[in-house]
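S.K.: Supplied structure: target.cif, mmCIF, C-alpha atoms, pLDDT in the B column; chains and numbers go by the auth columns.
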```cif
data_upload
loop_
_atom_site.group_PDB
_atom_site.id
_atom_site.type_symbol
_atom_site.label_atom_id
_atom_site.label_comp_id
_atom_site.label_asym_id
_atom_site.label_seq_id
_atom_site.Cartn_x
_atom_site.Cartn_y
_atom_site.Cartn_z
_atom_site.B_iso_or_equiv
_atom_site.auth_seq_id
_atom_site.auth_asym_id
ATOM 1 C CA LEU A 1 38.046 1.582 -46.587 56.00 1 R
ATOM 2 C CA GLY A 2 34.432 2.665 -46.923 63.00 2 R
ATOM 3 C CA ILE A 3 33.131 -0.024 -44.581 66.00 3 R
ATOM 4 C CA LYS A 4 30.231 1.134 -42.397 65.00 4 R
ATOM 5 C CA SER A 5 30.226 0.105 -38.757 61.00 5 R
ATOM 6 C CA LEU A 6 27.662 -2.324 -37.401 62.00 6 R
ATOM 7 C CA THR A 7 26.301 0.491 -35.185 59.00 7 R
ATOM 8 C CA HIS A 8 25.700 2.665 -38.235 60.00 8 R
ATOM 9 C CA LYS A 9 23.971 -0.184 -40.028 57.00 9 R
ATOM 10 C CA ILE A 10 21.690 -0.939 -37.072 59.00 10 R
ATOM 11 C CA VAL A 11 20.949 2.530 -35.692 63.00 11 R
ATOM 12 C CA GLN A 12 20.689 4.625 -38.857 63.00 12 R
ATOM 13 C CA PRO A 13 19.622 2.470 -41.801 55.00 13 R
ATOM 14 C CA LYS A 14 18.894 4.534 -44.893 61.00 14 R
ATOM 15 C CA VAL A 15 16.455 1.966 -46.235 69.00 15 R
ATOM 16 C CA LEU A 16 14.390 -0.247 -43.993 70.00 16 R
ATOM 17 C CA ARG A 17 14.272 -3.775 -45.308 73.00 17 R
ATOM 18 C CA PRO A 18 11.145 -5.949 -44.950 79.00 18 R
ATOM 19 C CA GLY A 19 10.633 -6.834 -41.310 77.00 19 R
ATOM 20 C CA MET A 20 12.806 -3.951 -40.048 71.00 20 R
ATOM 21 C CA HIS A 21 11.275 -1.185 -37.934 69.00 21 R
ATOM 22 C CA ARG A 22 12.698 2.034 -36.559 66.00 22 R
ATOM 23 C CA PHE A 23 13.205 1.744 -32.821 67.00 23 R
ATOM 24 C CA GLY A 24 12.968 4.361 -30.106 67.00 24 R
ATOM 25 C CA GLN A 25 10.425 6.061 -27.910 71.00 25 R
ATOM 26 C CA LYS A 26 8.379 8.791 -29.472 75.00 26 R
ATOM 27 C CA GLU A 27 5.308 10.788 -28.656 77.00 27 R
ATOM 28 C CA PRO A 28 3.263 13.084 -30.896 81.00 28 R
ATOM 29 C CA ILE A 29 3.558 16.733 -29.816 78.00 29 R
ATOM 30 C CA THR A 30 -0.221 17.034 -29.529 81.00 30 R
ATOM 31 C CA ARG A 31 -0.398 14.156 -27.039 84.00 31 R
ATOM 32 C CA ARG A 32 2.484 15.609 -25.022 80.00 32 R
ATOM 33 C CA LEU A 33 0.818 19.024 -24.843 80.00 33 R
ATOM 34 C CA LYS A 34 -2.499 17.445 -23.831 82.00 34 R
ATOM 35 C CA THR A 35 -0.774 15.620 -20.987 82.00 35 R
ATOM 36 C CA ILE A 36 0.907 18.828 -19.853 78.00 36 R
ATOM 37 C CA ILE A 37 -2.285 20.888 -19.844 77.00 37 R
ATOM 38 C CA ASP A 38 -4.103 18.070 -18.026 81.00 38 R
ATOM 39 C CA GLU A 39 -1.451 18.410 -15.298 78.00 39 R
ATOM 40 C CA TYR A 40 -1.632 22.225 -15.276 73.00 40 R
ATOM 41 C CA LYS A 41 -5.278 22.928 -14.582 74.00 41 R
ATOM 42 C CA GLU A 42 -7.158 25.938 -15.941 77.00 42 R
ATOM 43 C CA GLY A 43 -7.550 29.079 -13.871 80.00 43 R
ATOM 44 C CA PRO A 44 -5.131 31.463 -12.175 85.00 44 R
ATOM 45 C CA GLY A 45 -2.284 28.957 -12.537 81.00 45 R
ATOM 46 C CA ILE A 46 -1.784 30.246 -16.072 86.00 46 R
ATOM 47 C CA LEU A 47 -1.037 33.728 -14.686 90.00 47 R
ATOM 48 C CA TYR A 48 1.272 32.243 -12.037 88.00 48 R
ATOM 49 C CA GLU A 49 3.243 30.458 -14.749 86.00 49 R
ATOM 50 C CA LEU A 50 3.654 33.675 -16.745 89.00 50 R
ATOM 51 C CA ILE A 51 4.761 35.525 -13.595 91.00 51 R
ATOM 52 C CA GLN A 52 7.220 32.714 -12.857 88.00 52 R
ATOM 53 C CA ASN A 53 8.678 32.970 -16.361 85.00 53 R
ATOM 54 C CA ALA A 54 9.060 36.734 -15.952 88.00 54 R
ATOM 55 C CA ASP A 55 10.784 36.241 -12.590 89.00 55 R
ATOM 56 C CA ASP A 56 13.158 33.675 -14.070 84.00 56 R
ATOM 57 C CA ALA A 57 14.032 36.187 -16.795 84.00 57 R
ATOM 58 C CA GLY A 58 14.862 38.831 -14.180 89.00 58 R
ATOM 59 C CA ALA A 59 11.810 41.031 -14.728 93.00 59 R
ATOM 60 C CA THR A 60 10.821 43.420 -11.966 96.00 60 R
ATOM 61 C CA GLU A 61 7.438 44.307 -13.453 97.00 61 R
ATOM 62 C CA VAL A 62 4.608 42.127 -14.788 96.00 62 R
ATOM 63 C CA LYS A 63 1.281 43.339 -16.163 96.00 63 R
ATOM 64 C CA PHE A 64 -1.720 41.595 -17.701 95.00 64 R
ATOM 65 C CA ALA A 65 -4.479 42.970 -19.920 94.00 65 R
ATOM 66 C CA VAL A 66 -7.587 41.181 -21.120 92.00 66 R
ATOM 67 C CA ASP A 67 -8.488 42.348 -24.624 91.00 67 R
ATOM 68 C CA LEU A 68 -12.048 41.379 -25.558 92.00 68 R
ATOM 69 C CA ARG A 69 -12.003 42.984 -29.019 89.00 69 R
ATOM 70 C CA GLN A 70 -13.063 40.746 -31.913 87.00 70 R
ATOM 71 C CA ASN A 71 -10.700 42.509 -34.367 84.00 71 R
ATOM 72 C CA SER A 72 -13.157 42.161 -37.245 84.00 72 R
ATOM 73 C CA GLU A 73 -11.393 44.752 -39.411 84.00 73 R
ATOM 74 C CA ALA A 74 -7.961 43.242 -38.806 81.00 74 R
ATOM 75 C CA ARG A 75 -9.222 39.875 -40.054 82.00 75 R
ATOM 76 C CA LYS A 76 -9.544 41.370 -43.553 84.00 76 R
ATOM 77 C CA SER A 77 -5.837 42.203 -43.976 86.00 77 R
ATOM 78 C CA LEU A 78 -4.006 39.090 -42.820 85.00 78 R
ATOM 79 C CA LEU A 79 -1.203 37.264 -44.601 85.00 79 R
ATOM 80 C CA SER A 80 -3.455 34.227 -44.952 85.00 80 R
ATOM 81 C CA PRO A 81 -7.242 33.827 -44.566 85.00 81 R
ATOM 82 C CA GLY A 82 -6.554 30.863 -42.281 84.00 82 R
ATOM 83 C CA MET A 83 -5.148 33.258 -39.697 83.00 83 R
ATOM 84 C CA ALA A 84 -8.587 34.800 -39.108 84.00 84 R
ATOM 85 C CA VAL A 85 -9.521 32.188 -36.519 83.00 85 R
ATOM 86 C CA CYS A 86 -6.463 33.246 -34.489 81.00 86 R
ATOM 87 C CA GLN A 87 -7.686 36.839 -34.182 84.00 87 R
ATOM 88 C CA GLY A 88 -10.011 37.966 -31.441 84.00 88 R
ATOM 89 C CA PRO A 89 -10.018 38.202 -27.666 88.00 89 R
ATOM 90 C CA ALA A 90 -6.581 37.916 -26.095 88.00 90 R
ATOM 91 C CA LEU A 91 -4.695 37.876 -22.831 90.00 91 R
ATOM 92 C CA TRP A 92 -1.717 40.203 -23.091 92.00 92 R
ATOM 93 C CA ALA A 93 1.150 39.538 -20.683 93.00 93 R
ATOM 94 C CA TYR A 94 3.930 42.111 -20.298 95.00 94 R
ATOM 95 C CA ASN A 95 7.156 42.082 -18.340 95.00 95 R
ATOM 96 C CA ASN A 96 10.036 44.529 -18.417 95.00 96 R
ATOM 97 C CA GLN A 97 12.699 42.053 -19.488 93.00 97 R
ATOM 98 C CA ILE A 98 13.869 41.288 -23.016 89.00 98 R
ATOM 99 C CA PHE A 99 13.849 37.679 -24.211 82.00 99 R
ATOM 100 C CA THR A 100 17.340 36.281 -24.633 84.00 100 R
ATOM 101 C CA ASP A 101 18.204 33.625 -27.191 84.00 101 R
ATOM 102 C CA ALA A 102 18.115 31.084 -24.331 78.00 102 R
ATOM 103 C CA ASP A 103 14.622 32.284 -23.335 77.00 103 R
ATOM 104 C CA ILE A 104 13.399 31.809 -26.901 77.00 104 R
ATOM 105 C CA GLN A 105 14.917 28.328 -26.978 76.00 105 R
ATOM 106 C CA ASN A 106 13.271 27.385 -23.684 75.00 106 R
ATOM 107 C CA ILE A 107 9.848 28.719 -24.575 75.00 107 R
ATOM 108 C CA THR A 108 9.777 26.948 -27.936 74.00 108 R
ATOM 109 C CA GLU A 109 10.881 23.554 -26.637 73.00 109 R
ATOM 110 C CA ILE A 110 9.006 21.278 -24.305 69.00 110 R
ATOM 111 C CA SER A 111 11.238 20.634 -21.292 65.00 111 R
ATOM 112 C CA GLY A 112 13.712 23.296 -22.422 57.00 112 R
ATOM 113 C CA ALA A 113 17.201 22.427 -21.316 55.00 113 R
ATOM 114 C CA THR A 114 18.898 25.759 -20.630 56.00 114 R
ATOM 115 C CA LYS A 115 17.353 26.321 -17.169 57.00 115 R
ATOM 116 C CA LYS A 116 17.615 22.732 -15.828 58.00 116 R
ATOM 117 C CA SER A 117 20.913 23.198 -14.031 59.00 117 R
ATOM 118 C CA ASP A 118 20.104 26.673 -12.645 60.00 118 R
ATOM 119 C CA THR A 119 18.652 26.126 -9.170 59.00 119 R
ATOM 120 C CA ASN A 120 17.845 29.854 -8.921 63.00 120 R
ATOM 121 C CA LYS A 121 15.203 29.452 -11.624 61.00 121 R
ATOM 122 C CA ILE A 122 11.709 28.493 -10.503 60.00 122 R
ATOM 123 C CA GLY A 123 10.690 27.126 -13.879 57.00 123 R
ATOM 124 C CA ARG A 124 13.612 24.887 -14.636 52.00 124 R
ATOM 125 C CA PHE A 125 11.485 21.993 -15.853 56.00 125 R
ATOM 126 C CA GLY A 126 10.307 23.694 -19.047 60.00 126 R
ATOM 127 C CA LEU A 127 6.660 22.688 -18.732 67.00 127 R
ATOM 128 C CA GLY A 128 4.718 25.517 -17.088 72.00 128 R
ATOM 129 C CA PHE A 129 4.490 27.875 -20.038 79.00 129 R
ATOM 130 C CA ASN A 130 2.506 25.214 -21.867 81.00 130 R
ATOM 131 C CA SER A 131 -0.407 25.934 -19.509 82.00 131 R
ATOM 132 C CA VAL A 132 -1.265 28.793 -21.911 85.00 132 R
ATOM 133 C CA TYR A 133 -2.618 26.177 -24.302 84.00 133 R
ATOM 134 C CA HIS A 134 -5.722 26.180 -22.079 83.00 134 R
ATOM 135 C CA ILE A 135 -6.586 29.577 -23.567 84.00 135 R
ATOM 136 C CA THR A 136 -4.870 29.672 -26.972 84.00 136 R
ATOM 137 C CA ASP A 137 -3.647 27.450 -29.766 80.00 137 R
ATOM 138 C CA VAL A 138 -1.319 30.190 -31.014 82.00 138 R
ATOM 139 C CA PRO A 139 0.780 31.873 -28.320 86.00 139 R
ATOM 140 C CA SER A 140 2.689 34.849 -29.729 84.00 140 R
ATOM 141 C CA PHE A 141 5.667 36.878 -28.523 81.00 141 R
ATOM 142 C CA ILE A 142 6.962 40.380 -29.047 81.00 142 R
ATOM 143 C CA SER A 143 10.364 41.181 -27.622 78.00 143 R
#
```
Please lay out the structure from this file as structure tokens.

M.R.:
Amino acid sequence: LGIKSLTHKIVQPKVLRPGMHRFGQKEPITRRLKTIIDEYKEGPGILYELIQNADDAGATEVKFAVDLRQNSEARKSLLSPGMAVCQGPALWAYNNQIFTDADIQNITEISGATKKSDTNKIGRFGLGFNSVYHITDVPSFIS
């Protein structure tokens, strides 16, 4: 009959009329990340979180390298000049396991859901990886 339900009219209005406001809890991603890194203090905890993620993935080997190069030459051949500020000293973390699609999903979502029900996983809350934001604004992955 083409009649929309009351739920549809209330929950998903296409046009908000005067006096109407969208309802629901929300939090800007930047505030959420700030809260997380406030809870995960700087220091060796960042390395522990990366080791924990490797363990959860089934890795049997984990290595870290501190790269203090400034990469001045590399800054001249980037896709965008704005990427230059993301080049420079780095912490490289390696483990001998390949990221699965579920790993990618978990690492790119705050409170990733795919490990929550697996009690064998240490990091099933999906928060610890975000401790890397103490040392970078642009974490990168190669798998």

S.K.: Near region 41-49 of chain R, counting all atoms listed in the file, which residues have an atom at most 12 Å away, once you skip same-chain residues fewer than 4 positions from it, shown as a VMD selection string?

M.R.: chain R and resid 34 to 37 53 to 56 62 to 66 91 to 94 107 122 to 136

S.K.: As a PyMOL selection string, please: the residues near Asn71 (chain R) (cut-off 12 Å, only C-alpha atoms, same-chain neighbours under 5 positions excluded).

M.R.: chain R and resi 76-78+84-90

S.K.: Padding 4 Å on each side, edges along x, y and z: where is the centre of the box around the listed atoms of region 99-108 of chain R, and how long are its edges in Å to one decimal? Output it as JSON.

M.R.:
```
{"center_x": 14.0, "center_y": 32.3, "center_z": -25.6, "size_x": 16.4, "size_y": 18.7, "size_z": 12.6}
```

S.K.: If you measure from CA of Glu61 (chain R) to CA of Leu33 (chain R), what distance in Å do you get, rounded to one decimal?

M.R.: 28.5 Å

S.K.: Distance CA of Ile98 (chain R)-CA of Ala74 (chain R), one decimal place?

M.R.: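 That distance, rounded to one decimal, is 27.0 Å.
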
S.K.: Mind giving me the straight-line distance from CA of Lys26 (chain R) to CA of Asp137 (chain R) in Å, one decimal?

M.R.: 22.2 Å

S.K.: Hey, which of R:Ala57, R:Leu16, R:Val138, R:Leu68 ends up closest to Gln97 (chain R)? Count all atoms listed in the file.

M.R.: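 Looking at the shortest contact to Gln97 (chain R), the residue is R:Ala57.
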